[in-house]
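What follows is a short report on a single structure.
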Amino acid sequence: MKNFCFLLLCALLFACGEKKSSDNAALTQLDFKLDTLLIDAGEEFFYLRDNLWLSDLSHDGRFLFNYNRNDAVMEKIDLDQGILVKKIQFEKEGPDGIGDFISNFSLTADGQFIAWFYGLNKIFSQEAKVVRDLKLDKLLASDFSEYDIYPMSIFESPDDPNRFFGFYVRWSDMSYYLMDFDLQNESFRKIEIPDMNKIMDFSTDLLYDGQKMGSMGSGAYALSKGNQILVYNNCFNEVYIYDAGIDSLYRKGLEGPLLGDKKTYLPPKEVEGESNQQWEVERKQREDINFGSIHWDKQNQRFLRLSFKEKFGEEMMERRGYQPIGAEVFLSVFDQDFNLVAESMVPELHQRPAKHFVKDGQIWIFENMDDEIAFIKLSLK
């Protein structure tokens, strides 16, 4: 009954709190400046096979941590000095084991690592020692089977060391949830994100010998900002905002003058993997608008988002589809309440943005330069 009442409250708040941004006053042409920073690895080599996919920024913005999942090594990079500081060796097994694979990790306010995967919800020190086993999977076992729900993000509460938040997807029906964990009382609250499975309209299942082995076209993500958890996706121009301080959830549309409110290409529900049909569908999905990751610019108290439409030639890469030849890249600027301030093409960027983050009011975009880490720093003039 308690969970039902809470979900009913969330539904009411969602219905009453849905907001839509106005683009009437939004700027559509901005001026930009690009700088490049090359990181010095000294005598070491960077792990770049994942293109910084498993990486996160420290809360003060000074250090970037890049995880090498093959060797269980964390690379600590000082962005202010432009150097590799050290490599932190983790154990894969034993009492301080991180396992063979992690979904991802995030940094706590004091610089510790929260790592997660099926059955893994641990906090590690920068000496690669387990500081705390959160055991979130054991709490979830009362409502979900072991492999039906997947952790996509885990965040700490800024106010309560026993409160954590998780963003999860349930595979059986592709429904998305925020989990509000109370470790002191060994309980959690489940908040379903309304209508999030609508992104499956833009997703295509990949079949191998008739069995589903993956999908392409859609994705959902989360980030934390103080007591807020923000959930967004690459198919619809919107954000769901959960305010943990008052237990409210609402959706806000982010439609602007250039990008619209959603993707336009509706792909087939399934294709045979590594077939000509897959490459054709994938090309059309990537030529459509892809709404990018949302980042908080602390220095200027605003949200920044790079979105893109890729361009392709007719050349095919073996077992990888059409060769991308460029992209149209767009920057959306929102105030702290997600009101649209500007939405502009970025003519200085010609490729789909790789992993990026915001530091010192600039967007830092990763680029592999001869197997070295470099960042293209994008500034608004």
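In the structure tokens, chains take the letters A, B, ... in the order shown, each chain's residues start at 1, and ligands count up from 1 in the order shown.
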
- Message: Going by DSSP on the backbone, which residues of region 106-222 of chain A come out as alpha helix (DSSP H)? List them as a list in words.
- Response: Leu136, Asp137, Lys138, Leu139 and Leu140 of chain A

Selected residues written out, all heavy atoms, as a short mmCIF file (atom, residue, chain, number, x, y, z; two decimals), in the first residue's frame:
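Saved file result.cif follows:
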data_model
loop_
_atom_site.label_atom_id
_atom_site.label_comp_id
_atom_site.auth_asym_id
_atom_site.auth_seq_id
_atom_site.Cartn_x
_atom_site.Cartn_y
_atom_site.Cartn_z
N LEU A 136 22.90 -3.49 -3.09
CA LEU A 136 21.62 -3.03 -3.61
C LEU A 136 20.84 -4.15 -4.28
O LEU A 136 19.61 -4.17 -4.25
CB LEU A 136 21.84 -1.89 -4.61
CG LEU A 136 22.64 -0.68 -4.10
CD1 LEU A 136 22.74 0.38 -5.19
CD2 LEU A 136 22.00 -0.09 -2.84
N ASP A 137 21.57 -5.10 -4.90
CA ASP A 137 20.90 -6.21 -5.56
C ASP A 137 20.12 -7.07 -4.58
O ASP A 137 19.07 -7.63 -4.92
CB ASP A 137 21.92 -7.07 -6.32
CG ASP A 137 23.07 -7.52 -5.43
OD1 ASP A 137 23.62 -6.67 -4.70
OD2 ASP A 137 23.40 -8.71 -5.47
N LYS A 138 20.58 -7.17 -3.36
CA LYS A 138 19.87 -7.96 -2.35
C LYS A 138 18.57 -7.27 -1.95
O LYS A 138 17.56 -7.93 -1.66
CB LYS A 138 20.76 -8.20 -1.15
CG LYS A 138 22.02 -9.01 -1.48
CD LYS A 138 22.79 -9.38 -0.22
CE LYS A 138 24.07 -10.11 -0.58
NZ LYS A 138 23.85 -11.33 -1.39
N LEU A 139 18.57 -5.93 -1.91
CA LEU A 139 17.34 -5.20 -1.62
C LEU A 139 16.33 -5.36 -2.75
O LEU A 139 15.13 -5.52 -2.51
CB LEU A 139 17.64 -3.72 -1.39
CG LEU A 139 18.52 -3.36 -0.19
CD1 LEU A 139 18.71 -1.85 -0.11
CD2 LEU A 139 17.91 -3.88 1.10
N LEU A 140 16.82 -5.35 -3.98
CA LEU A 140 15.93 -5.44 -5.14
C LEU A 140 15.36 -6.84 -5.35
O LEU A 140 14.37 -7.01 -6.07
CB LEU A 140 16.68 -5.01 -6.40
CG LEU A 140 17.09 -3.53 -6.47
CD1 LEU A 140 17.99 -3.29 -7.68
CD2 LEU A 140 15.87 -2.63 -6.53
#

- Please run DSSP on the backbone and report, as a count of residues only, all residues within region 119-358 of chain A that come out as strand (DSSP E). 121

Near Leu254 (chain A), within 12 Å and counting only C-alpha atoms, which residues show up once chain neighbours fewer than 5 positions away are dropped, as a compact mmCIF listing (two decimals) with N, CA, C and O atoms, in the first residue's frame?
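The file below, selection-v5.txt, is the result:
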# COMPACT_ATOMS: atom_id res chain seq x y z
N GLU A 18 4.16 18.61 -15.60
CA GLU A 18 4.74 18.55 -16.94
C GLU A 18 4.88 19.95 -17.50
O GLU A 18 3.97 20.77 -17.47
N LYS A 19 6.08 20.24 -17.98
CA LYS A 19 6.37 21.58 -18.47
C LYS A 19 6.95 21.50 -19.86
O LYS A 19 7.54 20.51 -20.25
N LYS A 20 6.79 22.56 -20.58
CA LYS A 20 7.32 22.62 -21.94
C LYS A 20 8.09 23.91 -22.12
O LYS A 20 7.62 24.98 -21.79
N SER A 21 9.33 23.79 -22.63
CA SER A 21 10.12 24.99 -22.79
C SER A 21 9.66 25.77 -24.00
O SER A 21 9.15 25.23 -24.97
N SER A 22 9.85 27.07 -23.95
CA SER A 22 9.49 27.93 -25.07
C SER A 22 10.74 28.29 -25.84
O SER A 22 11.76 28.65 -25.26
N ASP A 23 10.68 28.19 -27.17
CA ASP A 23 11.86 28.51 -27.97
C ASP A 23 11.75 29.88 -28.62
O ASP A 23 12.56 30.23 -29.47
N ALA A 26 14.88 31.90 -28.05
CA ALA A 26 16.14 31.17 -28.14
C ALA A 26 17.00 31.70 -29.29
O ALA A 26 16.52 31.94 -30.39
N TYR A 232 17.17 11.18 -19.29
CA TYR A 232 16.91 11.63 -20.65
C TYR A 232 17.22 10.51 -21.62
O TYR A 232 17.72 9.44 -21.21
N ASN A 233 16.94 10.70 -22.90
CA ASN A 233 17.19 9.67 -23.90
C ASN A 233 17.59 10.32 -25.21
O ASN A 233 17.54 11.54 -25.36
N PHE A 236 13.87 11.32 -27.85
CA PHE A 236 12.93 12.41 -27.60
C PHE A 236 13.66 13.57 -26.94
O PHE A 236 14.50 13.37 -26.06
N ASN A 237 13.32 14.76 -27.35
CA ASN A 237 13.96 15.97 -26.82
C ASN A 237 13.24 16.37 -25.52
O ASN A 237 12.34 17.24 -25.52
N GLU A 238 13.63 15.74 -24.42
CA GLU A 238 12.93 15.89 -23.15
C GLU A 238 13.84 15.48 -22.01
O GLU A 238 14.89 14.85 -22.23
N VAL A 239 13.44 15.82 -20.80
CA VAL A 239 14.15 15.37 -19.62
C VAL A 239 13.13 15.12 -18.52
O VAL A 239 12.14 15.84 -18.39
N TYR A 240 13.33 14.03 -17.76
CA TYR A 240 12.53 13.74 -16.58
C TYR A 240 13.36 14.16 -15.37
O TYR A 240 14.53 13.78 -15.24
N LEU A 259 15.98 21.45 -33.67
CA LEU A 259 16.07 20.01 -33.46
C LEU A 259 14.73 19.29 -33.36
O LEU A 259 14.69 18.07 -33.48
N GLY A 260 13.66 20.00 -33.12
CA GLY A 260 12.37 19.34 -33.00
C GLY A 260 12.22 18.62 -31.68
O GLY A 260 13.02 18.78 -30.75
N ASP A 261 11.17 17.79 -31.59
CA ASP A 261 10.86 17.14 -30.31
C ASP A 261 11.21 15.66 -30.28
O ASP A 261 11.21 15.06 -29.20
N LYS A 262 11.53 15.04 -31.44
CA LYS A 262 11.84 13.62 -31.45
C LYS A 262 12.46 13.23 -32.78
O LYS A 262 12.50 14.01 -33.74
N PHE A 291 19.80 12.97 -29.97
CA PHE A 291 19.93 13.91 -28.87
C PHE A 291 21.02 13.42 -27.92
O PHE A 291 20.97 12.29 -27.45
N ILE A 294 23.51 15.22 -21.64
CA ILE A 294 23.28 16.50 -20.97
C ILE A 294 24.34 16.68 -19.88
O ILE A 294 24.62 15.76 -19.12
N PHE A 303 22.83 24.17 -18.35
CA PHE A 303 23.01 22.84 -18.93
C PHE A 303 23.40 22.99 -20.39
O PHE A 303 22.89 23.86 -21.11
N LEU A 304 24.32 22.10 -20.83
CA LEU A 304 24.77 22.10 -22.21
C LEU A 304 24.55 20.72 -22.82
O LEU A 304 24.73 19.70 -22.15
N ARG A 305 24.18 20.71 -24.08
CA ARG A 305 23.91 19.42 -24.75
C ARG A 305 24.33 19.49 -26.21
O ARG A 305 23.88 20.37 -26.96
N SER A 332 22.71 22.83 -27.66
CA SER A 332 21.56 23.40 -26.97
C SER A 332 22.02 23.90 -25.61
O SER A 332 22.73 23.20 -24.89
N VAL A 333 21.63 25.11 -25.27
CA VAL A 333 21.98 25.74 -23.99
C VAL A 333 20.69 25.98 -23.21
O VAL A 333 19.75 26.60 -23.74
N PHE A 334 20.64 25.47 -21.98
CA PHE A 334 19.47 25.64 -21.12
C PHE A 334 19.89 26.31 -19.82
O PHE A 334 21.03 26.12 -19.35
N ASP A 335 18.97 27.08 -19.22
CA ASP A 335 19.26 27.60 -17.90
C ASP A 335 19.06 26.50 -16.86
O ASP A 335 18.77 25.35 -17.22
N ASP A 337 16.77 25.76 -14.97
CA ASP A 337 15.42 25.20 -14.94
C ASP A 337 15.02 24.56 -16.26
O ASP A 337 13.85 24.29 -16.51
N PHE A 338 15.99 24.35 -17.12
CA PHE A 338 15.82 23.74 -18.44
C PHE A 338 14.95 24.57 -19.36
O PHE A 338 14.24 24.04 -20.23
N ASN A 339 15.00 25.88 -19.23
CA ASN A 339 14.43 26.77 -20.23
C ASN A 339 15.48 26.99 -21.31
O ASN A 339 16.64 27.26 -21.01
N LEU A 340 15.07 26.84 -22.55
CA LEU A 340 16.01 26.94 -23.66
C LEU A 340 16.49 28.37 -23.84
O LEU A 340 15.70 29.29 -23.99
N VAL A 341 17.82 28.53 -23.84
CA VAL A 341 18.44 29.84 -24.03
C VAL A 341 18.93 29.99 -25.47
O VAL A 341 18.77 31.04 -26.09
N ALA A 342 19.54 28.94 -26.00
CA ALA A 342 20.09 28.98 -27.36
C ALA A 342 20.14 27.57 -27.93
O ALA A 342 20.28 26.59 -27.21
N GLU A 343 20.03 27.50 -29.26
CA GLU A 343 20.15 26.23 -29.97
C GLU A 343 20.78 26.54 -31.32
O GLU A 343 20.15 27.16 -32.18

- Interatomic distance (Å, one decimal) between CA of Phe63 (chain A) and CA of Asp180 (chain A): 28.2 Å

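Distances from A:Met196, A:Val130, A:Ile376, A:Ala41 to Arg251 (chain A) were compared using only C-alpha atoms, and the smallest one belongs to A:Met196.
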
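CA of Asp205 (chain A) sits 12.9 Å away from CA of Trp171 (chain A).
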
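Between Ser218 (chain A) and the candidates A:Phe117, A:Phe144, A:Tyr242, A:Tyr265, the tightest atom-to-atom separation, counting only C-alpha atoms, involves A:Tyr265.
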
- Message: Can you tell me which residues surround region 150-152 of chain A at a distance of at most 7 Å, considering only C-alpha atoms, apart from same-chain residues fewer than 5 positions away, and format the answer as a PyMOL selection string?
- Response: chain A and resi 103+116-118+166-170

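For the atom pair formed by CA of Ile325 (chain A) and CA of Phe312 (chain A), the distance is 5.1 Å, given to one decimal.
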
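Within 10 Å of Arg49 (chain A), once only C-alpha atoms are used and residues closer than 3 positions along the same chain are dropped, the contacting residues are Phe46, Leu52, Trp53, Asn68, Arg69, Asn70 and Asp371 of chain A.
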